[in-house]
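Structure first, then comments.
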Amino acid sequence: MLDISYVRRVCEVAVRNPVEFCDRVRGRFEVLRESRLPRPPLTSETPLIQGLLALLGGPLSDPYEEEFREVWTDIENAFADGDHAVGSGYDGGVSLARAAYTAVRHLKPDSVVETGVARGVTSRVVLEALKQNGVGHLWSIDLPPLAVGWQASSALCVTSDLRENWTLIRGASRRSLPALVGERGCLGLFIHDSLHTYSNMMWEMNEVWPYLERGGLLLSDDVDDNYAFLDFAAKVGESFVIAQEERRSGFIGAIRKS
């Protein structure tokens with residue numbers, strides 16, 4: 001059944017921002033073109049955080065777990081009466097959020113870049129971790145979803161007190177990411193959670209990798225959607241971990257640059 005309100009919003013974007021409209025159309029065609037690509041039959045018996053901590057070379061018990069749980073509970077409470085539960089729909093899930101928080105607290109990066117924001121759940125968690133570190137800035141690139149209940153809630157989870165260390169760039173990663181990473185020069189952490197097509201995931205990882213500092217981390221959501229993460233990990237020949245998400249059926253992957 002055709003969603004007239006969605007069509008209207010798309011038409012409004014076409015009039016207001018033709019470049020964004022073209023990027024959205026390109027993304028839709030990319031999804032359709034790759035809809036029959038095989039998905040990797042992933043399995044993992046290693047808990048995500050345990051695998052991530054081993055990759056980071058730290059203790060297998062997370063000293064920042066309680067900090068993260070407090071932040072996550074605060075976000076859940078703030079949106080308890082909303083139409084969408086925190087970590088559902090377009091939001092990053094609790095596993096991606098915890099992995100991002102743990103990585104930021106351990107690595108203490110000066111620069112973090114993420115693609116995909118939606119309501120800003122992962123953005124909020126990263127910014128909270130940077131605040132605890134007392135150093136660092138987050139750059140986020142997002143083409144906000146136009147679906148009902150999401151269009152008007154872009155980055156809603158990010159509170160005003162955290163925005164000083166945050167730069168939000170509206171648009172497709174293919175337009176904004178090259179200039180951003182080229183200007184930053186060196187990244188401590190990159191988080192992919194935008195368009196999960198093979199083409200886009202592989203392009204983002206290839207684009208960011210040269211700018212990722214030694215010891216830096218590439219973190220990706222939904223690595224089970226296609227073979228991009230596995231192919232890229234094989235290409236760079238670095239240590240990586242894949243683990244199933246908590247409360248979701250997908251998998252998260254992380255590669256550390258030696």
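Here, A, B, ... name the chains of the structure tokens in the order displayed, residue numbers run from 1 inside each chain, and ligands are numbered from 1 in the same displayed order.
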Under the rule of at most 6 Å, produce a per-residue listing of stretch 179-230 of chain A near stretch 113-137 of chain A: chain, number, name, the closest pair of atoms, and the distance in Å, as JSON lines, using only C-alpha atoms.
{"residue": "A:Phe190", "atom": "CA", "partner": "A:Val113", "partner_atom": "CA", "distance": 5.0}
{"residue": "A:Ile191", "atom": "CA", "partner": "A:Glu114", "partner_atom": "CA", "distance": 4.5}
{"residue": "A:His192", "atom": "CA", "partner": "A:Thr115", "partner_atom": "CA", "distance": 5.2}
{"residue": "A:Asp193", "atom": "CA", "partner": "A:Gly116", "partner_atom": "CA", "distance": 4.9}
{"residue": "A:Ser194", "atom": "CA", "partner": "A:Gly116", "partner_atom": "CA", "distance": 4.2}
Generate a file of the selected residues that holds N, CA and C atoms, formatted as a short mmCIF file (atom, residue, chain, number, x, y, z; two decimals), in the first residue's frame.
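What follows is the written file out_28.cif:
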data_model
loop_
_atom_site.label_atom_id
_atom_site.label_comp_id
_atom_site.auth_asym_id
_atom_site.auth_seq_id
_atom_site.Cartn_x
_atom_site.Cartn_y
_atom_site.Cartn_z
N PHE A 190 36.21 4.81 13.99
CA PHE A 190 35.21 5.02 12.95
C PHE A 190 34.08 4.03 13.18
N ILE A 191 32.83 4.54 13.12
CA ILE A 191 31.64 3.70 13.33
C ILE A 191 30.76 3.77 12.10
N HIS A 192 30.55 2.63 11.47
CA HIS A 192 29.63 2.57 10.32
C HIS A 192 28.25 2.09 10.79
N ASP A 193 27.24 2.91 10.52
CA ASP A 193 25.85 2.49 10.76
C ASP A 193 24.92 3.24 9.82
N SER A 194 25.36 3.39 8.58
CA SER A 194 24.53 4.07 7.58
C SER A 194 23.94 3.04 6.64
#
Problem set entry | For A:Arg98: contacts at 8 Å, only C-alpha atoms, fewer than 3 positions along chain excluded, given as a list in words | Ile49, Phe68, Val94, Ser95, Tyr101, Thr102 and Val125 of chain A
Exercise. Can you tell me, as a PyMOL selection string, what residues are no more than 12 Å from A:Val19 when counting only C-alpha atoms, ignoring any on the same chain fewer than 6 positions away?
Worked result: chain A and resi 13+25-26+143+170-172+174-175
Convert the current residue selection to file output with C-alpha atoms, as a PDB file, in the first residue's frame.
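And here is the file that came out, out18.pdb:
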ATOM      1  CA  VAL A  13      13.042  16.941  -0.358  1.00  0.00           C
ATOM      2  CA  VAL A  25      17.163   7.672  -4.944  1.00  0.00           C
ATOM      3  CA  ARG A  26      20.657   6.292  -5.543  1.00  0.00           C
ATOM      4  CA  LEU A 143      20.848  11.284   5.791  1.00  0.00           C
ATOM      5  CA  ARG A 170      23.508  16.255   7.036  1.00  0.00           C
ATOM      6  CA  GLY A 171      23.911  14.296   3.831  1.00  0.00           C
ATOM      7  CA  ALA A 172      25.082  11.050   2.277  1.00  0.00           C
ATOM      8  CA  ARG A 174      29.690   9.529  -0.179  1.00  0.00           C
ATOM      9  CA  ARG A 175      29.482  13.304  -0.443  1.00  0.00           C
TER      10      ARG A 175
END
Exercise. Nearest to A:Gly57 among A:Ser239, A:Asn77, A:Gln244, A:Asn226, with distances taken over only C-alpha atoms: which residue is it?
Worked result: A:Ser239
For this session: Could you tell me how far atom CA of A:Leu53 lies from atom CA of A:Arg184, in Å and to one decimal?
Result: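 Atom CA of A:Arg184 lies 26.3 Å from atom CA of A:Leu53.
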For this session: To one decimal in Å, tell me the separation between atom CA of A:Asp231 and atom CA of A:Leu219.
Result: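 Distance between the two atoms: 14.7 Å.
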For this session: Rank A:Ser111, A:Ala234, A:Ala228, A:Arg214 by their smallest atom-to-atom distance to A:Leu180, using only C-alpha atoms, and report the top residue only.
Result: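 Residue with the minimum atom-to-atom distance to A:Leu180: A:Ser111.
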For this session: Would you mind reading off the distance between atom CA of A:Arg9 and atom CA of A:Gly89, one decimal, in Å?
Result: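 One can read the atom CA of A:Arg9 to atom CA of A:Gly89 distance as 19.0 Å.
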For this session: Return the single residue from A:Gly51, A:Gly182, A:Pro38, A:Pro63 that is closest to A:Arg105, with distances computed using only C-alpha atoms.
Result: A:Pro63
Problem set entry | Non-local contacts of stretch 245-257 of chain A (6 Å; only C-alpha atoms; under 2 positions in same chain excluded) as a PyMOL selection string | chain A and resi 95+214-224+239-243
For this session: May I have all residues of stretch 4-83 of chain A that DSSP, computed from the backbone, assigns to helix (DSSP H, G or I), given as a ChimeraX atom specification?
Result: /A:4-16,18-33,48-56,65-78
Filtering to C-alpha atoms, could you give me those residues as a CSV table (one decimal), in the first residue's frame?
chain,number,residue,atom,x,y,z
A,4,ILE,CA,1.0,9.1,0.6
A,5,SER,CA,2.6,11.0,3.5
A,6,TYR,CA,6.0,9.4,2.8
A,7,VAL,CA,5.7,10.3,-1.0
A,8,ARG,CA,4.9,13.9,0.0
A,9,ARG,CA,8.0,14.1,2.2
A,10,VAL,CA,10.1,12.7,-0.6
A,11,CYS,CA,8.7,15.3,-3.0
A,12,GLU,CA,9.4,18.1,-0.5
A,13,VAL,CA,13.0,16.9,-0.4
A,14,ALA,CA,13.2,16.9,-4.2
A,15,VAL,CA,12.1,20.6,-4.2
A,16,ARG,CA,14.1,21.8,-1.2
A,18,PRO,CA,17.7,18.1,-5.2
A,19,VAL,CA,21.2,16.8,-4.4
A,20,GLU,CA,19.8,15.0,-1.3
A,21,PHE,CA,16.9,13.7,-3.3
A,22,CYS,CA,19.3,12.2,-5.8
A,23,ASP,CA,21.4,10.6,-3.0
A,24,ARG,CA,18.2,9.0,-1.6
A,25,VAL,CA,17.2,7.7,-4.9
A,26,ARG,CA,20.7,6.3,-5.5
A,27,GLY,CA,20.6,4.6,-2.2
A,28,ARG,CA,17.2,3.0,-2.9
A,29,PHE,CA,18.4,1.7,-6.2
A,30,GLU,CA,21.5,0.3,-4.6
A,31,VAL,CA,19.4,-1.6,-2.0
A,32,LEU,CA,17.3,-3.0,-4.8
A,33,ARG,CA,20.3,-3.9,-7.0
A,48,LEU,CA,30.8,-9.0,21.9
A,49,ILE,CA,32.5,-7.0,24.7
A,50,GLN,CA,34.8,-9.9,25.7
A,51,GLY,CA,35.9,-10.2,22.1
A,52,LEU,CA,36.3,-6.4,21.7
A,53,LEU,CA,38.3,-6.1,24.9
A,54,ALA,CA,40.6,-8.9,23.7
A,55,LEU,CA,41.0,-7.0,20.4
A,56,LEU,CA,41.9,-3.8,22.3
A,65,GLU,CA,30.2,-1.4,32.1
A,66,GLU,CA,28.5,0.3,35.0
A,67,GLU,CA,29.1,3.7,33.4
A,68,PHE,CA,27.5,2.6,30.2
A,69,ARG,CA,24.5,1.0,31.9
A,70,GLU,CA,23.8,4.3,33.7
A,71,VAL,CA,23.9,6.2,30.4
A,72,TRP,CA,21.7,3.6,28.6
A,73,THR,CA,19.1,3.6,31.4
A,74,ASP,CA,19.0,7.4,31.2
A,75,ILE,CA,18.3,7.3,27.5
A,76,GLU,CA,15.6,4.6,27.9
A,77,ASN,CA,13.9,6.5,30.6
A,78,ALA,CA,13.9,9.7,28.6
For this session: Would you list, as a list in words, the residues of stretch 64-129 of chain A that end up in strand (DSSP E or B) under DSSP run on this structure's backbone?
Result: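 Reading the DSSP output for stretch 64-129 of chain A, strand (DSSP E or B) covers Ser111, Val112, Val113, Glu114 and Thr115 of chain A.
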Could the residues in this selection be written to a file with N, CA and C atoms, as a PDB file, in the first residue's frame?
ATOM      1  N   SER A 111      39.624  12.072  17.805  1.00  0.00           N
ATOM      2  CA  SER A 111      38.636  12.243  16.741  1.00  0.00           C
ATOM      3  C   SER A 111      37.868  10.944  16.506  1.00  0.00           C
ATOM      4  N   VAL A 112      36.537  11.044  16.502  1.00  0.00           N
ATOM      5  CA  VAL A 112      35.664   9.922  16.207  1.00  0.00           C
ATOM      6  C   VAL A 112      34.736  10.343  15.078  1.00  0.00           C
ATOM      7  N   VAL A 113      34.548   9.459  14.097  1.00  0.00           N
ATOM      8  CA  VAL A 113      33.618   9.726  12.995  1.00  0.00           C
ATOM      9  C   VAL A 113      32.622   8.584  12.924  1.00  0.00           C
ATOM     10  N   GLU A 114      31.342   8.927  12.767  1.00  0.00           N
ATOM     11  CA  GLU A 114      30.313   7.914  12.575  1.00  0.00           C
ATOM     12  C   GLU A 114      29.464   8.271  11.374  1.00  0.00           C
ATOM     13  N   THR A 115      28.958   7.251  10.684  1.00  0.00           N
ATOM     14  CA  THR A 115      27.979   7.455   9.617  1.00  0.00           C
ATOM     15  C   THR A 115      26.678   6.801  10.054  1.00  0.00           C
TER      16      THR A 115
END
